[in-house]
file my_file10.json (JSON, C-alpha atoms)
[["chain", "number", "residue", "atom", "x", "y", "z"],
["A", 1, "THR", "CA", 61.54, 32.23, 27.79],
["A", 2, "ILE", "CA", 63.55, 34.48, 25.44],
["A", 3, "GLY", "CA", 63.43, 37.23, 28.06],
["A", 4, "GLY", "CA", 64.89, 34.94, 30.69],
["A", 5, "ASP", "CA", 61.72, 34.45, 32.71],
["A", 6, "PRO", "CA", 61.05, 30.89, 33.95],
["A", 7, "SER", "CA", 58.34, 29.04, 32.06],
["A", 8, "PRO", "CA", 56.24, 26.57, 34.05],
["A", 9, "PRO", "CA", 56.52, 22.91, 32.97],
["A", 10, "LEU", "CA", 53.66, 21.47, 30.94],
["A", 11, "ALA", "CA", 53.25, 18.27, 32.98],
["A", 12, "PRO", "CA", 55.20, 18.17, 36.28],
["A", 13, "LEU", "CA", 53.05, 15.44, 37.84],
["A", 14, "THR", "CA", 53.49, 13.29, 34.75],
["A", 15, "ALA", "CA", 57.26, 13.80, 34.99],
["A", 16, "ASP", "CA", 57.25, 12.65, 38.62],
["A", 17, "ALA", "CA", 55.27, 9.51, 37.77],
["A", 18, "ALA", "CA", 57.60, 8.78, 34.84],
["A", 19, "ALA", "CA", 60.64, 9.16, 37.09],
["A", 20, "GLU", "CA", 59.11, 6.60, 39.44],
["A", 21, "GLY", "CA", 58.71, 4.20, 36.52],
["A", 22, "ALA", "CA", 54.96, 4.09, 37.19],
["A", 23, "ILE", "CA", 53.89, 5.05, 33.65],
["A", 24, "GLY", "CA", 55.30, 4.41, 30.18],
["A", 25, "GLY", "CA", 55.78, 6.34, 26.96],
["A", 26, "SER", "CA", 52.36, 5.74, 25.39],
["A", 27, "GLN", "CA", 50.62, 6.79, 28.60],
["A", 28, "ILE", "CA", 52.78, 9.92, 28.84],
["A", 29, "ASP", "CA", 51.95, 10.82, 25.23],
["A", 30, "ALA", "CA", 48.21, 10.47, 25.90],
["A", 31, "ILE", "CA", 48.43, 12.80, 28.91],
["A", 32, "ILE", "CA", 50.57, 15.36, 27.06],
["A", 33, "ARG", "CA", 48.15, 15.47, 24.10],
["A", 34, "THR", "CA", 45.31, 16.38, 26.46],
["A", 35, "LEU", "CA", 47.24, 18.98, 28.45],
["A", 36, "ALA", "CA", 48.49, 20.65, 25.28],
["A", 37, "ARG", "CA", 44.89, 21.30, 24.20],
["A", 38, "ILE", "CA", 43.86, 23.05, 27.42],
["A", 39, "PRO", "CA", 43.47, 26.81, 26.76],
["A", 40, "SER", "CA", 45.89, 29.16, 28.48],
["A", 41, "THR", "CA", 42.91, 30.93, 30.08],
["A", 42, "VAL", "CA", 42.26, 27.95, 32.37],
["A", 43, "PRO", "CA", 43.72, 28.57, 35.86],
["A", 44, "GLU", "CA", 46.92, 26.66, 36.66],
["A", 45, "GLU", "CA", 45.43, 24.92, 39.70],
["A", 46, "LYS", "CA", 42.61, 23.46, 37.58],
["A", 47, "VAL", "CA", 45.13, 22.23, 35.02],
["A", 48, "ARG", "CA", 47.14, 20.48, 37.74],
["A", 49, "ASP", "CA", 43.97, 18.96, 39.21],
["A", 50, "GLY", "CA", 43.12, 17.60, 35.77],
["A", 51, "GLU", "CA", 46.66, 16.30, 35.25],
["A", 52, "LYS", "CA", 46.51, 14.48, 38.60],
["A", 53, "ILE", "CA", 43.32, 12.70, 37.49],
["A", 54, "LEU", "CA", 45.01, 11.52, 34.29],
["A", 55, "VAL", "CA", 48.23, 10.47, 36.03],
["A", 56, "ASP", "CA", 46.35, 8.48, 38.69],
["A", 57, "LEU", "CA", 44.41, 6.77, 35.91],
["A", 58, "ALA", "CA", 47.59, 6.07, 33.93],
["A", 59, "ARG", "CA", 49.09, 4.13, 36.86],
["A", 60, "HIS", "CA", 46.69, 1.25, 36.22],
["A", 61, "THR", "CA", 45.29, 1.64, 32.69],
["A", 62, "GLY", "CA", 46.32, 2.22, 29.09],
["A", 63, "PRO", "CA", 46.39, 5.17, 26.67],
["A", 64, "ARG", "CA", 42.90, 4.55, 25.26],
["A", 65, "ALA", "CA", 41.23, 5.01, 28.65],
["A", 66, "ILE", "CA", 43.46, 8.04, 29.30],
["A", 67, "ALA", "CA", 42.41, 9.61, 26.01],
["A", 68, "LYS", "CA", 38.72, 9.06, 26.84],
["A", 69, "ALA", "CA", 39.18, 10.63, 30.27],
["A", 70, "GLY", "CA", 41.11, 13.45, 28.60],
["A", 71, "ARG", "CA", 38.14, 14.24, 26.34],
["A", 72, "ARG", "CA", 35.87, 14.42, 29.38],
["A", 73, "LEU", "CA", 38.40, 16.71, 31.08],
["A", 74, "LEU", "CA", 38.52, 19.04, 28.07],
["A", 75, "ASP", "CA", 34.71, 19.11, 27.94],
["A", 76, "SER", "CA", 34.62, 20.30, 31.54],
["A", 77, "LEU", "CA", 37.52, 22.80, 31.31],
["A", 78, "ASP", "CA", 36.71, 24.18, 27.87],
["A", 79, "PRO", "CA", 33.06, 23.42, 27.02],
["A", 80, "ASP", "CA", 32.93, 26.04, 24.25],
["A", 81, "GLY", "CA", 35.94, 24.70, 22.34],
["A", 82, "LYS", "CA", 38.28, 26.88, 20.31],
["A", 83, "GLU", "CA", 37.39, 30.53, 19.84],
["A", 84, "PRO", "CA", 36.02, 31.05, 16.33],
["A", 85, "ARG", "CA", 37.86, 33.24, 13.87],
["A", 86, "ASN", "CA", 36.29, 36.63, 13.21],
["A", 87, "GLU", "CA", 35.08, 35.87, 9.72],
["A", 88, "ASP", "CA", 31.71, 36.47, 8.17],
["A", 89, "PRO", "CA", 29.83, 33.20, 7.72],
["A", 90, "LYS", "CA", 29.72, 32.03, 4.13],
["A", 91, "ASP", "CA", 26.66, 30.85, 2.28],
["A", 92, "VAL", "CA", 27.02, 27.11, 1.79],
["A", 93, "ARG", "CA", 25.14, 24.47, -0.12],
["A", 94, "PRO", "CA", 23.94, 21.81, 2.35],
["A", 95, "GLU", "CA", 25.52, 18.42, 1.71],
["A", 96, "LEU", "CA", 25.07, 15.05, 3.38],
["A", 97, "ARG", "CA", 27.08, 11.93, 2.65],
["A", 98, "PHE", "CA", 26.59, 8.42, 4.05],
["A", 99, "VAL", "CA", 29.92, 6.78, 4.83],
["A", 100, "LYS", "CA", 30.82, 3.12, 5.35],
["A", 101, "HIS", "CA", 34.23, 2.69, 7.01],
["A", 102, "ARG", "CA", 36.63, -0.17, 6.41],
["A", 103, "ASP", "CA", 35.97, -1.60, 9.87],
["A", 104, "GLY", "CA", 32.27, -1.93, 9.02],
["A", 105, "THR", "CA", 31.05, 1.06, 11.05],
["A", 106, "LEU", "CA", 28.71, 3.54, 9.42],
["A", 107, "GLY", "CA", 28.66, 7.30, 9.63],
["A", 108, "LEU", "CA", 27.65, 10.66, 8.18],
["A", 109, "LYS", "CA", 29.54, 13.64, 6.82],
["A", 110, "ALA", "CA", 27.55, 16.83, 6.50],
["A", 111, "THR", "CA", 27.86, 20.52, 5.64],
["A", 112, "LEU", "CA", 24.87, 22.54, 6.84],
["A", 113, "ASP", "CA", 23.56, 26.01, 6.21],
["A", 114, "LEU", "CA", 23.29, 28.27, 9.24],
["A", 115, "GLU", "CA", 19.55, 27.84, 9.77],
["A", 116, "THR", "CA", 19.62, 24.04, 9.53],
["A", 117, "TYR", "CA", 22.60, 23.89, 11.89],
["A", 118, "ALA", "CA", 20.83, 26.12, 14.42],
["A", 119, "ARG", "CA", 17.60, 24.12, 14.22],
["A", 120, "LEU", "CA", 19.36, 20.77, 14.60],
["A", 121, "LYS", "CA", 21.56, 21.89, 17.47],
["A", 122, "SER", "CA", 18.66, 23.49, 19.35],
["A", 123, "ASP", "CA", 16.74, 20.20, 19.02],
["A", 124, "LEU", "CA", 19.67, 18.06, 20.18],
["A", 125, "ASP", "CA", 21.03, 20.24, 23.00],
["A", 126, "PRO", "CA", 18.35, 19.37, 25.60],
["A", 127, "MET", "CA", 18.51, 15.69, 24.62],
["A", 128, "ALA", "CA", 22.31, 15.63, 25.00],
["A", 129, "LYS", "CA", 22.46, 16.87, 28.59],
["A", 130, "PRO", "CA", 24.30, 14.57, 31.04],
["A", 131, "TYR", "CA", 22.17, 12.20, 33.08],
["A", 132, "LYS", "CA", 21.59, 13.18, 36.68],
["A", 133, "ALA", "CA", 23.88, 11.37, 39.10],
["A", 134, "ILE", "CA", 22.31, 8.24, 40.56],
["A", 135, "ASN", "CA", 23.70, 7.00, 43.90],
["A", 136, "GLY", "CA", 26.71, 9.23, 43.34],
["A", 137, "VAL", "CA", 27.48, 7.78, 39.90],
["A", 138, "ARG", "CA", 27.77, 10.48, 37.25],
["A", 139, "ASP", "CA", 27.17, 10.23, 33.52],
["A", 140, "SER", "CA", 30.45, 8.86, 32.10],
["A", 141, "ARG", "CA", 29.67, 9.65, 28.45],
["A", 142, "THR", "CA", 31.75, 12.22, 26.60],
["A", 143, "GLN", "CA", 30.09, 15.18, 24.96],
["A", 144, "ASP", "CA", 30.42, 13.49, 21.55],
["A", 145, "GLU", "CA", 28.81, 10.31, 22.91],
["A", 146, "ARG", "CA", 25.94, 12.28, 24.43],
["A", 147, "TYR", "CA", 25.24, 13.99, 21.11],
["A", 148, "GLY", "CA", 25.48, 10.63, 19.35],
["A", 149, "ASP", "CA", 22.84, 9.15, 21.64],
["A", 150, "ALA", "CA", 20.69, 12.28, 21.24],
["A", 151, "PHE", "CA", 20.90, 12.08, 17.44],
["A", 152, "THR", "CA", 19.89, 8.40, 17.54],
["A", 153, "ASP", "CA", 16.79, 9.22, 19.60],
["A", 154, "TYR", "CA", 16.08, 12.22, 17.36],
["A", 155, "VAL", "CA", 16.04, 10.08, 14.22],
["A", 156, "ARG", "CA", 13.73, 7.53, 15.85],
["A", 157, "LEU", "CA", 11.32, 10.26, 16.93],
["A", 158, "LYS", "CA", 11.33, 11.93, 13.53],
["A", 159, "THR", "CA", 10.79, 8.75, 11.55],
["A", 160, "THR", "CA", 7.61, 8.01, 13.51],
["A", 161, "SER", "CA", 6.16, 11.44, 12.74],
["A", 162, "ARG", "CA", 2.97, 11.55, 10.68],
["A", 163, "ASN", "CA", 4.19, 14.76, 9.02],
["A", 164, "LEU", "CA", 7.05, 13.08, 7.16],
["A", 165, "PRO", "CA", 6.58, 12.22, 3.47],
["A", 166, "GLY", "CA", 5.40, 8.69, 2.77],
["A", 167, "GLN", "CA", 5.32, 6.17, -0.02],
["A", 168, "ALA", "CA", 1.93, 5.08, -1.44],
["A", 169, "GLY", "CA", 0.17, 6.46, 1.60],
["A", 170, "GLU", "CA", 2.49, 4.70, 4.07],
["A", 171, "ALA", "CA", 5.18, 6.18, 6.26],
["A", 172, "THR", "CA", 8.70, 5.35, 5.15],
["A", 173, "HIS", "CA", 10.05, 2.02, 6.43],
["A", 174, "ILE", "CA", 13.29, 0.12, 6.82],
["A", 175, "LEU", "CA", 13.18, -3.53, 5.78],
["A", 176, "ILE", "CA", 14.54, -6.38, 7.88],
["A", 177, "THR", "CA", 14.53, -9.99, 6.69],
["A", 178, "MET", "CA", 15.07, -13.02, 8.94],
["A", 179, "SER", "CA", 13.71, -16.48, 9.58],
["A", 180, "TYR", "CA", 10.72, -16.92, 11.86],
["A", 181, "GLU", "CA", 12.58, -19.40, 14.08],
["A", 182, "ASP", "CA", 15.48, -16.99, 14.61],
["A", 183, "LEU", "CA", 13.08, -14.16, 15.42],
["A", 184, "ILE", "CA", 11.19, -16.20, 18.01],
["A", 185, "ASN", "CA", 14.26, -17.83, 19.59],
["A", 186, "ASP", "CA", 16.47, -14.71, 19.51],
["A", 187, "LEU", "CA", 19.20, -16.58, 17.62],
["A", 188, "GLY", "CA", 21.25, -16.01, 14.50],
["A", 189, "GLU", "CA", 21.11, -12.75, 12.61],
["A", 190, "ALA", "CA", 18.84, -10.71, 10.36],
["A", 191, "HIS", "CA", 19.51, -8.67, 7.22],
["A", 192, "LEU", "CA", 18.83, -4.93, 7.40],
["A", 193, "ASP", "CA", 18.19, -3.42, 3.99],
["A", 194, "LEU", "CA", 20.90, -0.95, 2.80],
["A", 195, "VAL", "CA", 23.14, -1.93, 5.74],
["A", 196, "GLY", "CA", 23.70, -5.68, 6.08],
["A", 197, "PRO", "CA", 23.63, -8.22, 8.91],
["A", 198, "ILE", "CA", 22.39, -7.25, 12.38],
["A", 199, "SER", "CA", 21.89, -9.39, 15.47],
["A", 200, "ALA", "CA", 18.62, -11.18, 16.16],
["A", 201, "THR", "CA", 18.34, -9.19, 19.39],
["A", 202, "ASP", "CA", 18.49, -5.87, 17.53],
["A", 203, "ALA", "CA", 15.88, -7.17, 15.07],
["A", 204, "ARG", "CA", 13.56, -8.15, 17.94],
["A", 205, "ILE", "CA", 13.90, -4.65, 19.44],
["A", 206, "LEU", "CA", 12.97, -3.07, 16.10],
["A", 207, "ALA", "CA", 10.07, -5.53, 15.75],
["A", 208, "CYS", "CA", 8.48, -4.02, 18.88],
["A", 209, "ASP", "CA", 7.28, -1.17, 16.64],
["A", 210, "ALA", "CA", 6.90, -2.79, 13.24],
["A", 211, "ARG", "CA", 4.69, -4.59, 10.79],
["A", 212, "VAL", "CA", 5.63, -8.22, 10.33],
["A", 213, "ARG", "CA", 4.97, -9.71, 6.91],
["A", 214, "PRO", "CA", 5.35, -13.51, 6.68],
["A", 215, "GLY", "CA", 6.84, -14.96, 3.52],
["A", 216, "VAL", "CA", 7.89, -18.33, 2.15],
["A", 217, "LEU", "CA", 11.17, -18.27, 0.20],
["A", 218, "GLY", "CA", 12.61, -20.85, -2.15],
["A", 219, "THR", "CA", 16.08, -22.34, -1.91],
["A", 220, "ALA", "CA", 17.52, -19.47, -3.95],
["A", 221, "GLY", "CA", 15.74, -16.85, -1.85],
["A", 222, "GLU", "CA", 12.94, -16.27, -4.38],
["A", 223, "PRO", "CA", 9.53, -15.40, -2.83],
["A", 224, "LEU", "CA", 7.02, -18.23, -3.17],
["A", 225, "ASP", "CA", 4.27, -16.83, -1.00],
["A", 226, "ILE", "CA", 3.94, -13.44, 0.73],
["A", 227, "GLY", "CA", 1.36, -12.88, 3.46],
["A", 228, "ARG", "CA", -0.24, -9.73, 4.80],
["A", 229, "SER", "CA", 1.34, -7.37, 7.34]]
call {"tool": "encode", "arguments": {"input": "my_file10.json", "output": "structure tokens"}}
result
Amino acid sequence: TIGGDPSPPLAPLTADAAAEGAIGGSQIDAIIRTLARIPSTVPEEKVRDGEKILVDLARHTGPRAIAKAGRRLLDSLDPDGKEPRNEDPKDVRPELRFVKHRDGTLGLKATLDLETYARLKSDLDPMAKPYKAINGVRDSRTQDERYGDAFTDYVRLKTTSRNLPGQAGEATHILITMSYEDLINDLGEAHLDLVGPISATDARILACDARVRPGVLGTAGEPLDIGRS
């Protein structure tokens, strides 16, 4: 330091493994990025224990797996995240945007008011708890993945509620179109309205709780005959 006091190294175990030639540059970078995000309040022995886990993993895997393990490590060492700034919360206008990424994945971007945020988080928190260990195997999902699974279940539960607004006396629906043969044989793909193609297997899972309406289509996709649900 400027005062002449020795400063402990950020990643001594990583340095030892690099000197052995056991890990490469991309693996080192992935470890360093995780260690740099650990708060200074975490005891040194816990930091070194975490670094050892990442270094042992880096000896036989790549940076992507290291980064995933690093996120789990940060969740355990710093579950509350960064300390918030001491600012009064601002009144915001809630916004929600549906996003389609270039790689075909879909997502959401949202800004919530304080009450909506509190209600949503209190609903999701119990659903996002880690699974209990089974035969010594712990839940390997990251915190983000657990909340993603919880939100998926939350949407499914909410859309089956009788209290949600409907259309013409019916609860709101999503529309899937596919051939009868593909549905029965679990082959090919279906078309999910507003989204695009999905696998026949996913369509069959959704059909477990659905109304099926048979239809005969012409060569150009025009409806020739539509049956009852």
call {"tool": "atom_distance", "arguments": {"input": "my_file10.json", "atom1": "CA of Thr152 (chain A)", "atom2": "CA of Leu108 (chain A)"}}
result
12.4 Å
call {"tool": "closest_residue", "arguments": {"input": "my_file10.json", "among": "A:Arg204, A:Lys52, A:His191, A:Arg59", "to": "Gly21 (chain A)", "atoms": "only C-alpha atoms"}}
result
A:Arg59
call {"tool": "atom_distance", "arguments": {"input": "my_file10.json", "atom1": "CA of Ser199 (chain A)", "atom2": "CA of Phe151 (chain A)"}}
result
21.6 Å
call {"tool": "closest_residue", "arguments": {"input": "my_file10.json", "among": "A:Ala11, A:Ala110, A:Leu77, A:Met127", "to": "Ile38 (chain A)", "atoms": "only C-alpha atoms"}}
result
A:Leu77
call {"tool": "atom_distance", "arguments": {"input": "my_file10.json", "atom1": "CA of Val212 (chain A)", "atom2": "CA of Arg228 (chain A)"}}
result
8.2 Å
call {"tool": "decode", "arguments": {"input": "my_file10.json", "residues": "region 56-165 of chain A", "atoms": "C-alpha atoms", "output": "PDB file, in the first residue's frame"}}
result
ATOM      1  CA  ASP A  56     -10.082 -27.180  -8.560  1.00  0.00           C
ATOM      2  CA  LEU A  57     -12.936 -26.806 -11.037  1.00  0.00           C
ATOM      3  CA  ALA A  58     -10.737 -24.885 -13.487  1.00  0.00           C
ATOM      4  CA  ARG A  59      -8.253 -27.781 -13.661  1.00  0.00           C
ATOM      5  CA  HIS A  60     -10.735 -29.823 -15.700  1.00  0.00           C
ATOM      6  CA  THR A  61     -13.355 -27.434 -17.105  1.00  0.00           C
ATOM      7  CA  GLY A  62     -13.759 -24.167 -18.993  1.00  0.00           C
ATOM      8  CA  PRO A  63     -14.582 -20.548 -18.109  1.00  0.00           C
ATOM      9  CA  ARG A  64     -18.353 -20.933 -18.574  1.00  0.00           C
ATOM     10  CA  ALA A  65     -18.617 -23.578 -15.851  1.00  0.00           C
ATOM     11  CA  ILE A  66     -16.297 -21.506 -13.644  1.00  0.00           C
ATOM     12  CA  ALA A  67     -18.505 -18.444 -14.076  1.00  0.00           C
ATOM     13  CA  LYS A  68     -21.608 -20.458 -13.142  1.00  0.00           C
ATOM     14  CA  ALA A  69     -19.881 -21.824 -10.041  1.00  0.00           C
ATOM     15  CA  GLY A  70     -18.714 -18.292  -9.279  1.00  0.00           C
ATOM     16  CA  ARG A  71     -22.305 -17.029  -9.261  1.00  0.00           C
ATOM     17  CA  ARG A  72     -23.268 -19.767  -6.814  1.00  0.00           C
ATOM     18  CA  LEU A  73     -20.276 -18.827  -4.647  1.00  0.00           C
ATOM     19  CA  LEU A  74     -21.282 -15.159  -4.609  1.00  0.00           C
ATOM     20  CA  ASP A  75     -24.860 -16.125  -3.718  1.00  0.00           C
ATOM     21  CA  SER A  76     -23.584 -18.009  -0.678  1.00  0.00           C
ATOM     22  CA  LEU A  77     -20.976 -15.440   0.442  1.00  0.00           C
ATOM     23  CA  ASP A  78     -23.019 -12.317  -0.283  1.00  0.00           C
ATOM     24  CA  PRO A  79     -26.720 -13.244  -0.493  1.00  0.00           C
ATOM     25  CA  ASP A  80     -27.872  -9.639  -0.020  1.00  0.00           C
ATOM     26  CA  GLY A  81     -25.805  -8.214  -2.897  1.00  0.00           C
ATOM     27  CA  LYS A  82     -24.389  -4.710  -2.933  1.00  0.00           C
ATOM     28  CA  GLU A  83     -25.371  -2.338  -0.145  1.00  0.00           C
ATOM     29  CA  PRO A  84     -27.963   0.136  -1.446  1.00  0.00           C
ATOM     30  CA  ARG A  85     -27.178   3.821  -1.604  1.00  0.00           C
ATOM     31  CA  ASN A  86     -28.860   5.966   1.033  1.00  0.00           C
ATOM     32  CA  GLU A  87     -31.299   7.654  -1.291  1.00  0.00           C
ATOM     33  CA  ASP A  88     -35.007   8.169  -0.917  1.00  0.00           C
ATOM     34  CA  PRO A  89     -36.933   5.900  -3.276  1.00  0.00           C
ATOM     35  CA  LYS A  90     -38.386   7.739  -6.245  1.00  0.00           C
ATOM     36  CA  ASP A  91     -41.930   7.444  -7.501  1.00  0.00           C
ATOM     37  CA  VAL A  92     -41.793   5.565 -10.785  1.00  0.00           C
ATOM     38  CA  ARG A  93     -44.267   4.743 -13.499  1.00  0.00           C
ATOM     39  CA  PRO A  94     -44.458   0.937 -13.857  1.00  0.00           C
ATOM     40  CA  GLU A  95     -43.255  -0.261 -17.242  1.00  0.00           C
ATOM     41  CA  LEU A  96     -43.058  -3.716 -18.793  1.00  0.00           C
ATOM     42  CA  ARG A  97     -41.484  -4.558 -22.130  1.00  0.00           C
ATOM     43  CA  PHE A  98     -41.429  -7.905 -23.940  1.00  0.00           C
ATOM     44  CA  VAL A  99     -38.053  -8.533 -25.563  1.00  0.00           C
ATOM     45  CA  LYS A 100     -37.044 -10.941 -28.327  1.00  0.00           C
ATOM     46  CA  HIS A 101     -33.266 -11.421 -28.513  1.00  0.00           C
ATOM     47  CA  ARG A 102     -31.280 -12.083 -31.669  1.00  0.00           C
ATOM     48  CA  ASP A 103     -30.598 -15.671 -30.617  1.00  0.00           C
ATOM     49  CA  GLY A 104     -34.345 -16.341 -30.486  1.00  0.00           C
ATOM     50  CA  THR A 105     -34.698 -16.292 -26.689  1.00  0.00           C
ATOM     51  CA  LEU A 106     -37.463 -14.229 -25.142  1.00  0.00           C
ATOM     52  CA  GLY A 107     -37.415 -12.045 -22.069  1.00  0.00           C
ATOM     53  CA  LEU A 108     -38.881  -9.186 -20.052  1.00  0.00           C
ATOM     54  CA  LYS A 109     -37.631  -5.788 -18.968  1.00  0.00           C
ATOM     55  CA  ALA A 110     -39.575  -4.128 -16.194  1.00  0.00           C
ATOM     56  CA  THR A 111     -39.593  -1.111 -13.893  1.00  0.00           C
ATOM     57  CA  LEU A 112     -41.904  -1.583 -10.909  1.00  0.00           C
ATOM     58  CA  ASP A 113     -43.338   0.672  -8.250  1.00  0.00           C
ATOM     59  CA  LEU A 114     -42.435  -0.185  -4.672  1.00  0.00           C
ATOM     60  CA  GLU A 115     -45.709  -1.925  -3.806  1.00  0.00           C
ATOM     61  CA  THR A 116     -45.747  -4.111  -6.921  1.00  0.00           C
ATOM     62  CA  TYR A 117     -42.104  -5.046  -6.391  1.00  0.00           C
ATOM     63  CA  ALA A 118     -42.778  -5.993  -2.760  1.00  0.00           C
ATOM     64  CA  ARG A 119     -45.860  -8.043  -3.663  1.00  0.00           C
ATOM     65  CA  LEU A 120     -44.095  -9.905  -6.476  1.00  0.00           C
ATOM     66  CA  LYS A 121     -40.975 -10.633  -4.466  1.00  0.00           C
ATOM     67  CA  SER A 122     -42.950 -11.835  -1.439  1.00  0.00           C
ATOM     68  CA  ASP A 123     -44.862 -14.215  -3.734  1.00  0.00           C
ATOM     69  CA  LEU A 124     -41.725 -15.544  -5.435  1.00  0.00           C
ATOM     70  CA  ASP A 125     -39.388 -15.825  -2.423  1.00  0.00           C
ATOM     71  CA  PRO A 126     -40.899 -19.025  -0.958  1.00  0.00           C
ATOM     72  CA  MET A 127     -41.138 -20.580  -4.432  1.00  0.00           C
ATOM     73  CA  ALA A 128     -37.477 -19.789  -5.159  1.00  0.00           C
ATOM     74  CA  LYS A 129     -35.979 -21.560  -2.160  1.00  0.00           C
ATOM     75  CA  PRO A 130     -33.368 -24.238  -2.969  1.00  0.00           C
ATOM     76  CA  TYR A 131     -34.577 -27.818  -3.130  1.00  0.00           C
ATOM     77  CA  LYS A 132     -33.753 -29.979  -0.139  1.00  0.00           C
ATOM     78  CA  ALA A 133     -30.735 -32.195  -0.689  1.00  0.00           C
ATOM     79  CA  ILE A 134     -31.655 -35.673  -1.914  1.00  0.00           C
ATOM     80  CA  ASN A 135     -29.110 -38.458  -1.272  1.00  0.00           C
ATOM     81  CA  GLY A 136     -26.521 -35.780  -0.582  1.00  0.00           C
ATOM     82  CA  VAL A 137     -27.117 -33.980  -3.894  1.00  0.00           C
ATOM     83  CA  ARG A 138     -27.827 -30.285  -3.392  1.00  0.00           C
ATOM     84  CA  ASP A 139     -29.791 -27.916  -5.601  1.00  0.00           C
ATOM     85  CA  SER A 140     -27.293 -26.793  -8.274  1.00  0.00           C
ATOM     86  CA  ARG A 141     -29.387 -23.891  -9.585  1.00  0.00           C
ATOM     87  CA  THR A 142     -28.138 -20.338  -9.156  1.00  0.00           C
ATOM     88  CA  GLN A 143     -30.285 -17.776  -7.404  1.00  0.00           C
ATOM     89  CA  ASP A 144     -31.274 -16.274 -10.770  1.00  0.00           C
ATOM     90  CA  GLU A 145     -32.264 -19.717 -12.073  1.00  0.00           C
ATOM     91  CA  ARG A 146     -34.343 -20.418  -8.971  1.00  0.00           C
ATOM     92  CA  TYR A 147     -36.237 -17.148  -9.392  1.00  0.00           C
ATOM     93  CA  GLY A 148     -36.688 -17.910 -13.090  1.00  0.00           C
ATOM     94  CA  ASP A 149     -38.282 -21.261 -12.288  1.00  0.00           C
ATOM     95  CA  ALA A 150     -40.404 -19.640  -9.566  1.00  0.00           C
ATOM     96  CA  PHE A 151     -41.646 -16.955 -11.968  1.00  0.00           C
ATOM     97  CA  THR A 152     -42.560 -19.620 -14.538  1.00  0.00           C
ATOM     98  CA  ASP A 153     -44.646 -21.499 -11.963  1.00  0.00           C
ATOM     99  CA  TYR A 154     -46.138 -18.207 -10.756  1.00  0.00           C
ATOM    100  CA  VAL A 155     -47.368 -17.293 -14.236  1.00  0.00           C
ATOM    101  CA  ARG A 156     -48.902 -20.735 -14.719  1.00  0.00           C
ATOM    102  CA  LEU A 157     -50.720 -20.505 -11.392  1.00  0.00           C
ATOM    103  CA  LYS A 158     -51.978 -16.997 -12.064  1.00  0.00           C
ATOM    104  CA  THR A 159     -53.245 -17.719 -15.561  1.00  0.00           C
ATOM    105  CA  THR A 160     -55.452 -20.522 -14.237  1.00  0.00           C
ATOM    106  CA  SER A 161     -57.068 -18.240 -11.660  1.00  0.00           C
ATOM    107  CA  ARG A 162     -60.803 -17.604 -12.010  1.00  0.00           C
ATOM    108  CA  ASN A 163     -60.280 -14.040 -10.758  1.00  0.00           C
ATOM    109  CA  LEU A 164     -58.337 -12.920 -13.830  1.00  0.00           C
ATOM    110  CA  PRO A 165     -60.169 -10.924 -16.530  1.00  0.00           C
TER     111      PRO A 165
END
